[in-house]
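S.K.: Pasting query_22.cif here (mmCIF, C-alpha atoms and all ligand atoms):
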```cif
data_target
loop_
_atom_site.label_atom_id
_atom_site.label_comp_id
_atom_site.auth_asym_id
_atom_site.auth_seq_id
_atom_site.Cartn_x
_atom_site.Cartn_y
_atom_site.Cartn_z
CA MET F 1261 -32.37 -9.42 -8.10
CA ARG F 1262 -29.96 -10.05 -5.25
CA CYS F 1263 -26.48 -8.72 -5.80
CA GLU F 1264 -23.20 -10.55 -5.44
CA MET F 1265 -22.79 -12.07 -1.98
CA LYS F 1266 -19.52 -11.48 -0.29
CA THR F 1267 -18.52 -14.23 2.11
CA THR F 1268 -15.84 -13.84 4.70
CA ARG F 1269 -12.32 -14.92 4.01
CA ASN F 1270 -12.71 -17.99 6.23
CA SER F 1271 -15.92 -19.34 4.73
CA THR F 1272 -14.83 -18.77 1.13
CA GLN F 1273 -12.64 -21.53 -0.15
CA ILE F 1274 -12.57 -20.39 -3.76
CA TYR F 1275 -12.47 -16.73 -4.69
CA VAL F 1276 -13.18 -15.96 -8.34
CA ASP F 1277 -14.24 -12.33 -8.08
CA TYR F 1278 -10.91 -10.61 -8.75
CA ASN F 1279 -12.45 -7.97 -11.04
CA SER F 1280 -14.47 -6.83 -8.06
CA THR F 1281 -11.52 -6.71 -5.69
CA ALA F 1282 -8.28 -8.62 -5.15
CA PRO F 1283 -8.13 -9.86 -1.54
CA LEU F 1284 -5.32 -8.58 0.66
CA GLU F 1285 -2.57 -11.13 1.04
CA ASP F 1286 -1.04 -11.57 4.53
CA ALA F 1287 2.53 -10.76 3.46
CA HIS F 1288 1.34 -7.48 1.93
CA LEU F 1289 -0.69 -6.59 5.01
CA GLU F 1290 2.32 -7.15 7.22
CA ALA F 1291 4.61 -5.08 4.98
CA VAL F 1292 2.12 -2.18 5.03
CA MET F 1293 1.65 -2.35 8.79
CA ALA F 1294 5.41 -2.22 9.33
CA ALA F 1295 5.68 0.81 7.03
CA VAL F 1296 2.70 2.62 8.56
CA ARG F 1297 4.20 2.32 12.06
CA GLN F 1298 7.27 4.09 10.72
CA PHE F 1299 5.57 6.71 8.52
CA ASP F 1300 2.54 8.02 10.37
CA GLY F 1301 3.25 11.75 10.13
CA ASN F 1302 1.44 14.28 7.96
CA PRO F 1303 3.48 14.58 4.74
CA SER F 1304 2.90 18.35 4.75
CA SER F 1305 4.49 18.81 8.20
CA GLN F 1306 7.97 20.29 8.31
CA HIS F 1307 9.27 18.22 11.24
CA ALA F 1308 11.11 14.90 10.97
CA SER F 1309 7.99 12.75 11.28
CA GLY F 1310 6.28 14.69 8.48
CA ARG F 1311 9.37 14.58 6.29
CA ARG F 1312 9.57 10.81 6.72
CA ALA F 1313 5.92 10.43 5.65
CA LYS F 1314 6.63 12.66 2.64
CA VAL F 1315 9.52 10.41 1.62
CA ALA F 1316 7.25 7.35 1.89
CA LEU F 1317 4.61 9.12 -0.20
CA GLU F 1318 7.09 10.01 -2.93
CA ASP F 1319 8.54 6.47 -2.87
CA ALA F 1320 5.06 5.13 -3.54
CA ARG F 1321 4.58 7.64 -6.35
CA ASN F 1322 7.83 6.47 -7.94
CA GLN F 1323 6.69 2.84 -7.67
CA VAL F 1324 3.35 3.56 -9.37
CA ALA F 1325 5.11 5.69 -12.02
CA ALA F 1326 7.55 2.82 -12.69
CA LEU F 1327 4.61 0.47 -13.30
CA LEU F 1328 3.02 2.98 -15.67
CA GLY F 1329 6.26 3.97 -17.37
CA CYS F 1330 5.51 7.64 -16.69
CA ARG F 1331 7.10 10.46 -14.70
CA ALA F 1332 6.41 10.60 -10.96
CA GLN F 1333 4.86 14.07 -11.23
CA GLU F 1334 2.29 12.63 -13.66
CA VAL F 1335 0.81 10.44 -10.89
CA VAL F 1336 -1.96 12.05 -8.79
CA PHE F 1337 -3.09 9.96 -5.82
CA THR F 1338 -6.86 9.83 -5.29
CA SER F 1339 -9.34 7.78 -3.28
CA GLY F 1340 -9.81 5.38 -6.20
CA ALA F 1341 -10.86 5.16 -9.79
CA THR F 1342 -14.34 6.58 -9.22
CA GLU F 1343 -12.69 9.78 -8.04
CA SER F 1344 -10.04 9.68 -10.79
CA ASN F 1345 -12.73 9.40 -13.48
CA ASN F 1346 -14.75 12.18 -11.84
CA LEU F 1347 -11.69 14.39 -11.51
CA VAL F 1348 -10.93 14.20 -15.21
CA ILE F 1349 -14.46 14.43 -16.53
CA GLN F 1350 -15.51 17.27 -14.26
CA GLY F 1351 -12.09 18.92 -14.31
CA VAL F 1352 -11.81 18.92 -18.10
CA ALA F 1353 -15.39 19.17 -19.32
CA GLY F 1354 -17.92 19.72 -16.53
CA LYS F 1355 -16.31 22.90 -15.26
CA GLN F 1356 -16.36 24.49 -18.71
CA GLY F 1357 -20.14 24.05 -18.82
CA GLU F 1358 -20.47 25.95 -15.54
CA PHE F 1359 -19.75 29.18 -17.38
CA PHE F 1360 -23.09 28.86 -19.21
CA THR F 1361 -25.35 29.91 -16.41
CA THR F 1362 -28.55 31.31 -17.92
CA PRO F 1363 -31.02 29.46 -20.17
CA SER F 1364 -30.31 31.86 -23.04
CA ASP F 1365 -26.58 31.23 -22.63
CA VAL F 1366 -27.24 27.53 -22.77
CA LYS F 1367 -29.34 27.88 -25.92
CA SER F 1368 -26.88 30.03 -27.77
CA ALA F 1369 -23.68 28.56 -26.39
CA ARG F 1370 -21.97 25.60 -27.88
CA LEU F 1371 -21.68 23.28 -24.94
CA PRO F 1372 -18.47 21.30 -24.50
CA HIS F 1373 -18.95 18.02 -26.30
CA VAL F 1374 -18.04 14.75 -24.55
CA ILE F 1375 -17.90 11.27 -26.10
CA VAL F 1376 -17.83 8.12 -23.98
CA GLY F 1377 -18.04 4.41 -24.79
CA ALA F 1378 -21.36 2.64 -24.23
CA THR F 1379 -19.83 0.09 -21.86
CA GLU F 1380 -17.99 2.47 -19.51
CA HIS F 1381 -18.07 1.97 -15.75
CA PRO F 1382 -20.88 3.85 -13.94
CA SER F 1383 -18.31 6.26 -12.50
CA VAL F 1384 -18.00 7.58 -16.05
CA LEU F 1385 -21.44 6.95 -17.53
CA GLU F 1386 -23.60 8.17 -14.66
CA LEU F 1387 -21.52 11.30 -14.30
CA VAL F 1388 -21.68 12.33 -17.97
CA GLU F 1389 -25.41 11.59 -18.05
CA VAL F 1390 -25.96 13.94 -15.09
CA LEU F 1391 -23.75 16.62 -16.65
CA ALA F 1392 -25.72 16.33 -19.90
CA GLU F 1393 -29.05 16.52 -18.05
CA ARG F 1394 -27.84 19.70 -16.32
CA ARG F 1395 -26.82 21.09 -19.70
CA ARG F 1396 -23.16 21.34 -18.74
CA ILE F 1397 -22.06 19.19 -21.67
CA ARG F 1398 -23.37 17.77 -24.92
CA LEU F 1399 -23.03 14.00 -24.74
CA SER F 1400 -22.47 11.34 -27.39
CA ILE F 1401 -22.26 7.62 -26.63
CA ALA F 1402 -20.02 5.54 -28.90
CA PRO F 1403 -21.50 2.10 -29.75
CA VAL F 1404 -19.78 -1.29 -29.35
CA ASP F 1405 -19.99 -4.49 -31.39
CA ARG F 1406 -21.37 -7.84 -30.21
CA ASN F 1407 -18.07 -8.53 -28.39
CA GLY F 1408 -18.17 -5.22 -26.57
CA VAL F 1409 -15.41 -3.59 -28.63
CA ILE F 1410 -15.91 0.07 -29.63
CA LEU F 1411 -16.77 0.61 -33.29
CA HIS F 1412 -13.72 2.64 -34.27
CA ASP F 1413 -15.18 4.57 -37.22
CA ALA F 1414 -18.43 5.27 -35.40
CA LEU F 1415 -16.54 6.84 -32.50
CA VAL F 1416 -14.26 8.92 -34.72
CA SER F 1417 -17.23 10.19 -36.74
CA LEU F 1418 -18.70 11.66 -33.52
CA VAL F 1419 -15.67 13.94 -32.97
CA ASP F 1420 -16.40 17.57 -33.94
CA PRO F 1421 -14.81 20.99 -33.34
CA ASP F 1422 -16.57 21.31 -29.94
CA THR F 1423 -15.38 17.95 -28.63
CA VAL F 1424 -13.29 18.50 -25.49
CA LEU F 1425 -13.14 15.00 -24.02
CA VAL F 1426 -13.28 11.38 -25.16
CA ALA F 1427 -13.33 8.59 -22.53
CA VAL F 1428 -12.94 4.94 -23.50
CA MET F 1429 -12.07 2.28 -20.93
CA LEU F 1430 -9.08 0.04 -21.62
CA VAL F 1431 -10.52 -3.21 -20.21
CA ASN F 1432 -14.16 -3.86 -19.39
CA ASN F 1433 -14.78 -4.99 -15.81
CA GLU F 1434 -17.77 -7.23 -16.67
CA THR F 1435 -16.59 -8.98 -19.84
CA GLY F 1436 -12.82 -8.43 -19.92
CA ALA F 1437 -13.06 -6.93 -23.44
CA VAL F 1438 -9.93 -4.95 -24.36
CA GLN F 1439 -10.39 -1.70 -26.29
CA PRO F 1440 -7.91 -0.46 -28.91
CA VAL F 1441 -7.37 2.68 -26.86
CA SER F 1442 -4.04 3.80 -28.34
CA ALA F 1443 -5.34 3.60 -31.93
CA LEU F 1444 -8.55 5.38 -30.93
CA ALA F 1445 -6.56 8.19 -29.28
CA ASP F 1446 -4.49 8.59 -32.46
CA ALA F 1447 -7.57 8.77 -34.68
CA VAL F 1448 -9.45 11.16 -32.38
CA LYS F 1449 -6.48 13.53 -32.11
CA ALA F 1450 -5.92 13.42 -35.87
CA LYS F 1451 -9.44 14.85 -36.25
CA ASN F 1452 -9.29 17.33 -33.36
CA SER F 1453 -5.94 17.75 -31.64
CA ALA F 1454 -7.49 19.73 -28.73
CA VAL F 1455 -9.45 16.76 -27.41
CA HIS F 1456 -8.44 15.33 -24.01
CA PHE F 1457 -8.38 11.52 -24.33
CA HIS F 1458 -9.06 9.67 -21.08
CA THR F 1459 -9.07 5.96 -20.35
CA ASP F 1460 -10.39 4.07 -17.33
CA ALA F 1461 -7.55 1.56 -17.05
CA VAL F 1462 -8.55 0.01 -13.72
CA GLN F 1463 -8.90 -3.55 -14.99
CA ALA F 1464 -5.78 -3.32 -17.14
CA MET F 1465 -3.25 -2.66 -14.37
CA GLY F 1466 -1.12 -5.73 -13.78
CA LYS F 1467 -3.17 -7.72 -16.31
CA ILE F 1468 -2.07 -6.43 -19.69
CA ASP F 1469 0.96 -4.48 -20.80
CA ILE F 1470 0.36 -0.77 -20.21
CA SER F 1471 3.94 0.40 -20.56
CA TRP F 1472 2.93 2.15 -23.85
CA LEU F 1473 0.47 4.43 -22.09
CA ALA F 1474 2.76 7.36 -21.29
CA SER F 1475 4.22 7.49 -24.80
CA SER F 1476 0.78 7.26 -26.45
CA LYS F 1477 -1.66 10.08 -27.20
CA VAL F 1478 -3.70 9.18 -24.10
CA ASP F 1479 -3.83 12.23 -21.78
CA SER F 1480 -5.07 10.58 -18.62
CA ALA F 1481 -5.90 7.21 -17.10
CA ALA F 1482 -7.70 6.06 -13.94
CA PHE F 1483 -6.41 3.32 -11.62
CA SER F 1484 -7.61 1.67 -8.43
CA GLY F 1485 -5.38 0.13 -5.78
CA HIS F 1486 -7.74 -2.57 -4.49
CA LYS F 1487 -8.00 -4.20 -7.92
CA ILE F 1488 -4.32 -5.10 -7.62
CA GLY F 1489 -4.45 -6.22 -4.01
CA SER F 1490 -3.75 -3.03 -2.10
CA PHE F 1491 -5.96 -1.39 0.51
CA LYS F 1492 -9.32 -0.10 -0.64
CA GLY F 1493 -9.94 3.64 -0.91
CA VAL F 1494 -6.78 4.53 -2.79
CA GLY F 1495 -6.16 5.00 -6.49
CA ALA F 1496 -4.39 7.19 -8.97
CA LEU F 1497 -4.86 9.38 -11.96
CA TYR F 1498 -2.14 9.37 -14.58
CA LEU F 1499 -2.20 12.91 -15.95
CA LYS F 1500 0.15 13.68 -18.84
CA SER F 1501 2.41 16.67 -18.15
CA GLY F 1502 0.89 19.85 -19.56
CA SER F 1503 -2.74 18.64 -19.35
CA LYS F 1504 -5.11 21.28 -18.03
CA LEU F 1505 -7.43 20.19 -15.25
CA GLN F 1506 -9.49 22.08 -12.67
CA ALA F 1507 -9.33 20.47 -9.23
CA LEU F 1508 -12.60 19.38 -7.64
CA THR F 1509 -11.46 20.21 -4.13
CA LEU F 1510 -9.85 23.44 -3.01
CA GLY F 1511 -7.99 24.40 0.10
CA GLY F 1512 -4.56 22.80 0.03
CA GLY F 1513 -1.58 22.32 -2.20
CA GLN F 1514 -1.32 18.54 -1.96
CA GLU F 1515 -0.82 16.56 -5.15
CA ARG F 1516 0.37 19.80 -6.81
CA ALA F 1517 -3.06 21.28 -6.04
CA ARG F 1518 -4.70 18.80 -8.42
CA ARG F 1519 -6.18 16.89 -5.47
CA PRO F 1520 -5.87 18.97 -2.31
CA GLY F 1521 -6.40 17.32 1.08
CA THR F 1522 -4.17 15.31 3.41
CA GLU F 1523 -3.08 12.18 1.60
CA ASN F 1524 -4.18 8.65 2.58
CA VAL F 1525 -0.63 7.67 3.50
CA PRO F 1526 -1.32 4.03 4.58
CA GLY F 1527 -3.36 3.41 1.43
CA ILE F 1528 -0.76 5.04 -0.80
CA ILE F 1529 2.05 3.02 0.79
CA SER F 1530 -0.02 -0.12 0.18
CA PHE F 1531 -0.67 0.85 -3.47
CA GLY F 1532 3.04 1.63 -3.97
CA LEU F 1533 4.12 -1.73 -2.57
CA ARG F 1534 1.70 -3.63 -4.83
CA ALA F 1535 2.87 -1.57 -7.83
CA ARG F 1536 6.46 -2.52 -6.96
CA ASP F 1537 5.45 -6.20 -6.77
CA LEU F 1538 3.82 -5.96 -10.20
CA VAL F 1539 6.89 -4.41 -11.78
CA SER F 1540 8.80 -7.53 -10.80
CA ASP F 1541 5.86 -9.81 -11.76
CA PRO F 1542 4.87 -8.31 -15.10
CA ALA F 1543 1.54 -8.63 -16.89
CA LYS F 1544 2.95 -11.26 -19.24
CA ALA F 1545 3.51 -13.61 -16.31
CA TRP F 1546 -0.01 -12.91 -15.05
CA LEU F 1547 -1.47 -13.70 -18.49
CA GLU F 1548 0.39 -17.00 -18.57
CA ARG F 1549 -0.86 -17.83 -15.09
CA GLU F 1550 -4.54 -16.98 -15.62
CA ARG F 1551 -5.19 -18.06 -19.22
CA PRO F 1552 -5.19 -21.83 -18.43
CA ALA F 1553 -8.00 -21.35 -15.88
CA GLN F 1554 -10.03 -19.37 -18.40
CA LEU F 1555 -9.55 -21.99 -21.14
CA ALA F 1556 -10.34 -24.89 -18.79
CA PHE F 1557 -13.46 -23.13 -17.53
CA LEU F 1558 -14.65 -22.39 -21.08
CA ALA F 1559 -14.27 -26.10 -21.89
CA ALA F 1560 -16.17 -27.06 -18.71
CA LEU F 1561 -18.96 -24.58 -19.46
CA GLY F 1562 -19.27 -26.13 -22.92
CA ARG F 1563 -20.38 -29.36 -21.21
CA ILE F 1564 -23.22 -27.70 -19.23
CA SER F 1565 -26.47 -27.49 -21.10
CA GLY F 1566 -27.87 -24.03 -21.85
CA VAL F 1567 -24.65 -22.08 -21.08
CA LYS F 1568 -23.95 -19.12 -23.36
CA VAL F 1569 -20.68 -17.25 -23.02
CA HIS F 1570 -20.74 -13.51 -23.79
CA GLY F 1571 -18.20 -11.75 -25.98
CA ASP F 1572 -14.87 -13.24 -26.99
CA PRO F 1573 -12.97 -14.19 -23.81
CA GLY F 1574 -9.90 -15.32 -25.78
CA ALA F 1575 -9.49 -11.75 -27.13
CA GLY F 1576 -10.05 -10.19 -23.72
CA ILE F 1577 -8.06 -10.30 -20.47
CA ALA F 1578 -7.04 -13.77 -19.37
CA ASN F 1579 -9.00 -14.12 -16.12
CA THR F 1580 -12.58 -13.19 -17.05
CA ILE F 1581 -15.60 -15.12 -18.30
CA ASN F 1582 -19.12 -13.72 -18.43
CA PHE F 1583 -22.01 -16.08 -19.22
CA HIS F 1584 -25.62 -16.95 -18.58
CA VAL F 1585 -27.56 -20.21 -18.45
CA GLU F 1586 -30.81 -20.35 -20.40
CA ARG F 1587 -33.87 -20.37 -18.11
CA VAL F 1588 -31.76 -20.29 -14.93
CA ALA F 1589 -31.67 -17.10 -12.86
CA GLY F 1590 -28.21 -15.66 -12.22
CA ASP F 1591 -29.31 -15.36 -8.59
CA ASP F 1592 -29.76 -19.11 -8.28
CA LEU F 1593 -26.32 -19.75 -9.71
CA LEU F 1594 -24.60 -17.21 -7.46
CA LEU F 1595 -26.42 -18.31 -4.34
CA ASN F 1596 -25.47 -21.95 -4.87
CA LEU F 1597 -21.88 -21.04 -5.65
CA ASP F 1598 -21.80 -18.98 -2.49
CA LEU F 1599 -23.26 -21.82 -0.40
CA ALA F 1600 -20.48 -24.01 -1.77
CA GLY F 1601 -17.88 -21.46 -0.62
CA ILE F 1602 -17.26 -20.01 -4.09
CA ALA F 1603 -17.30 -16.21 -4.38
CA ALA F 1604 -18.32 -15.10 -7.87
CA SER F 1605 -20.22 -12.09 -9.08
CA SER F 1606 -23.34 -11.08 -10.88
CA GLY F 1607 -22.61 -9.56 -14.27
CA SER F 1608 -25.36 -7.03 -13.71
CA ALA F 1609 -24.75 -3.54 -12.40
CA CYS F 1610 -24.77 -3.86 -8.67
CA SER F 1611 -24.75 -1.16 -6.07
CA SER F 1612 -26.72 -0.66 -2.86
CA GLY F 1613 -27.80 -4.29 -2.97
CA VAL F 1614 -30.07 -3.85 -5.99
CA GLY F 1615 -29.35 -5.55 -9.30
CA ARG F 1616 -30.12 -3.87 -12.61
CA PRO F 1617 -29.65 -5.32 -16.08
CA SER F 1618 -26.05 -4.85 -17.14
CA HIS F 1619 -25.73 -1.82 -19.45
CA VAL F 1620 -22.61 -3.51 -20.84
CA LEU F 1621 -24.44 -6.61 -22.07
CA LYS F 1622 -27.35 -4.49 -23.30
CA ALA F 1623 -24.93 -2.35 -25.34
CA MET F 1624 -23.58 -5.61 -26.81
CA GLY F 1625 -27.09 -6.44 -28.01
CA TYR F 1626 -28.27 -8.89 -25.31
CA SER F 1627 -31.83 -8.92 -23.94
CA ASP F 1628 -32.86 -7.47 -20.57
CA TRP F 1629 -33.25 -10.99 -19.15
CA ILE F 1630 -29.74 -12.01 -20.13
CA ALA F 1631 -28.35 -8.68 -18.95
CA LEU F 1632 -29.95 -9.31 -15.54
CA ASN F 1633 -28.98 -12.97 -15.18
CA SER F 1634 -25.37 -13.08 -16.29
CA VAL F 1635 -22.58 -14.36 -14.05
CA ARG F 1636 -18.98 -13.18 -14.02
CA ILE F 1637 -16.11 -15.41 -12.98
CA SER F 1638 -12.76 -13.63 -12.63
CA PHE F 1639 -9.82 -15.83 -11.64
CA GLY F 1640 -6.81 -14.93 -9.53
CA ALA F 1641 -4.45 -16.32 -6.90
CA ARG F 1642 -7.22 -17.73 -4.66
CA GLY F 1643 -9.25 -19.26 -7.47
CA GLY F 1644 -7.66 -20.67 -10.60
CA ALA F 1645 -7.25 -23.66 -12.88
CA GLY F 1646 -7.26 -26.11 -9.95
CA ASP F 1647 -10.74 -24.92 -8.94
CA VAL F 1648 -12.43 -25.06 -12.32
CA SER F 1649 -13.90 -28.55 -11.98
CA ARG F 1650 -15.43 -27.75 -8.56
CA ILE F 1651 -17.00 -24.52 -9.87
CA ALA F 1652 -18.36 -26.32 -12.94
CA GLU F 1653 -19.72 -29.13 -10.77
CA VAL F 1654 -21.69 -26.69 -8.57
CA LEU F 1655 -23.01 -24.89 -11.64
CA GLU F 1656 -24.07 -28.13 -13.29
CA GLN F 1657 -25.85 -29.40 -10.16
CA THR F 1658 -27.66 -26.06 -9.80
CA VAL F 1659 -28.79 -26.08 -13.42
CA LYS F 1660 -30.12 -29.63 -13.06
CA ARG F 1661 -31.95 -28.77 -9.84
CA VAL F 1662 -33.53 -25.62 -11.24
CA LEU F 1663 -34.59 -27.12 -14.57
CA SER F 1664 -35.80 -30.48 -13.19
CA PRO F 1665 -36.87 -29.74 -9.61
CA GLY F 1666 -37.47 -33.42 -8.81
CA VAL F 1667 -33.85 -34.38 -9.60
CA GLY F 1668 -30.78 -34.20 -7.37
C1 LIG F 1701 -13.55 -0.39 -14.75
C2 LIG F 1701 -13.72 0.21 -13.40
N1 LIG F 1701 -13.69 1.54 -13.27
C3 LIG F 1701 -13.84 2.14 -12.09
C4 LIG F 1701 -14.03 1.41 -10.94
C5 LIG F 1701 -14.19 2.12 -9.62
O1 LIG F 1701 -13.04 1.94 -8.85
P1 LIG F 1701 -12.97 2.31 -7.30
O2 LIG F 1701 -13.55 1.16 -6.57
O3 LIG F 1701 -11.53 2.49 -7.01
O4 LIG F 1701 -13.72 3.58 -7.12
C6 LIG F 1701 -14.09 0.01 -11.02
C7 LIG F 1701 -14.38 -0.81 -9.82
O5 LIG F 1701 -15.19 -1.71 -9.87
C8 LIG F 1701 -13.92 -0.60 -12.29
O6 LIG F 1701 -13.94 -1.93 -12.42
#
```
Kindly transcribe the structure held in the file into structure tokens.

M.R.:
Amino acid sequence: MRCEMKTTRNSTQIYVDYNSTAPLEDAHLEAVMAAVRQFDGNPSSQHASGRRAKVALEDARNQVAALLGCRAQEVVFTSGATESNNLVIQGVAGKQGEFFTTPSDVKSARLPHVIVGATEHPSVLELVEVLAERRRIRLSIAPVDRNGVILHDALVSLVDPDTVLVAVMLVNNETGAVQPVSALADAVKAKNSAVHFHTDAVQAMGKIDISWLASSKVDSAAFSGHKIGSFKGVGALYLKSGSKLQALTLGGGQERARRPGTENVPGIISFGLRARDLVSDPAKAWLERERPAQLAFLAALGRISGVKVHGDPGAGIANTINFHVERVAGDDLLLNLDLAGIAASSGSACSSGVGRPSHVLKAMGYSDWIALNSVRISFGARGGAGDVSRIAEVLEQTVKRVLSPGVG
């Protein structure tokens, strides 16, 4: 199956792929360029240029911390959420398994136990699967219900005395399902207070209220700048003060030695500026802006024959709808949307240009065919309520053409 097609900014009139990335807006680009011209030193240098870059770096950290409601020193800048998830999982659990080096050790030792949700992003799932294969950890996968929400009691029953890490994402990127992360963290810690509770909160930033995060029992959370309209290749890890974590890279003291290496100053400035914008344009305003598009699109989909919507969009984030059309390949739908200048995305797992059935939909109980042919629409500033009828029209025409080839 062909993966999502990205068109250029000029040829795309409607962009409804915000969960994949939020396009850079011109005003933001200009603000970053102006800042980068001023702050292009190495933040570790002692001279004036370095000191200025350091100030810009710490300003950005304060802006991200303000959005998260945490302390600045609890923000670790990374290259994105893939790295943030890897840093926590390997830094908390994977490294412990390294001490068991011989087969007899592995047999007799009680490996660190890790629990993750069945619908996690591949940057969590693929990593823990590899660590389990290499006998660095013992892995349990917590099931979800038909709407993609973790079964609370099932997850808590998996926690045992050897559990070191639980990772449950806050918002699913494919379906928009929101997990009861704070309640899960409470229940997990009540059973084993030593567990590190991590959440991949990439799709939550700017979309739902996350001001409770720092005062909850969640120990760490992963974020990605480009999902909120900053440059790509920058992200953050919220790491609660006092959490123990082994760095993945060695050789420098940057980020308090939790992520050594010269910082991506332009990216971090960009992330900081977008975080500042979001503090003044809170998630509640975003919800009010995006929900009408979602509701209008659901109504429009209801008028197209064979459309089945997955999960419970009304209970999830306001911009996302995931669906399939019976007997119509997701590829056909995406290609025709793309030809009409509408950028949407396949719901299936997509990397290196090859589509695989979505593990998220499969965990929710859908068939392989549905998991391979689902489509995700995620609204935002360049594609919203005003574009719904055009998107629905293209979908409807495509469905008619595919199902009755002589028509249209
Ligand atoms: C839920 C989720 N986690 C992690 C990532 C990876 O983020 P990044 O692109 O910053 O590595 C993404 C990006 O698609 C995501 O949606």

S.K.: Can I get the residues close to ligand LIG 1701 (chain F) as a ChimeraX atom specification, where close means within 9 Å and we count only C-alpha atoms and all ligand atoms?

M.R.: /F:1279-1281,1338-1345,1380-1384,1429-1434,1460-1464,1482-1487,1492-1496

S.K.: Compare F:Leu1594, F:Leu1632, F:Val1374, F:Ile1488 by their minimum atom-to-atom distance to Val1352 in chain F, counting all atoms listed in the file, and give me the closest one.

M.R.: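 Among F:Leu1594, F:Leu1632, F:Val1374, F:Ile1488, it is F:Val1374 that comes nearest to Val1352 in chain F.
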
S.K.: Closest to Asp1277 in chain F among F:Gln1657, F:Ser1305, F:Ser1627, F:Asn1582, using only C-alpha atoms?

M.R.: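 Ranking F:Gln1657, F:Ser1305, F:Ser1627, F:Asn1582 by distance to Asp1277 in chain F, first place goes to F:Asn1582.
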
S.K.: For Ser1471 in chain F, which residue among F:Ile1274, F:Ala1313, F:Leu1347, F:Cys1330 is the nearest when counting all atoms listed in the file?

M.R.: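 Among the listed residues, F:Cys1330 lies closest to Ser1471 in chain F.
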
S.K.: As JSON, what would the box around range 1517-1522 of chain F look like: edges along x, y and z, 8 Å added on every side, centre and edge lengths in Å to one decimal?

M.R.:
```
{"center_x": -4.7, "center_y": 18.3, "center_z": -2.5, "size_x": 19.3, "size_y": 22.0, "size_z": 27.8}
```
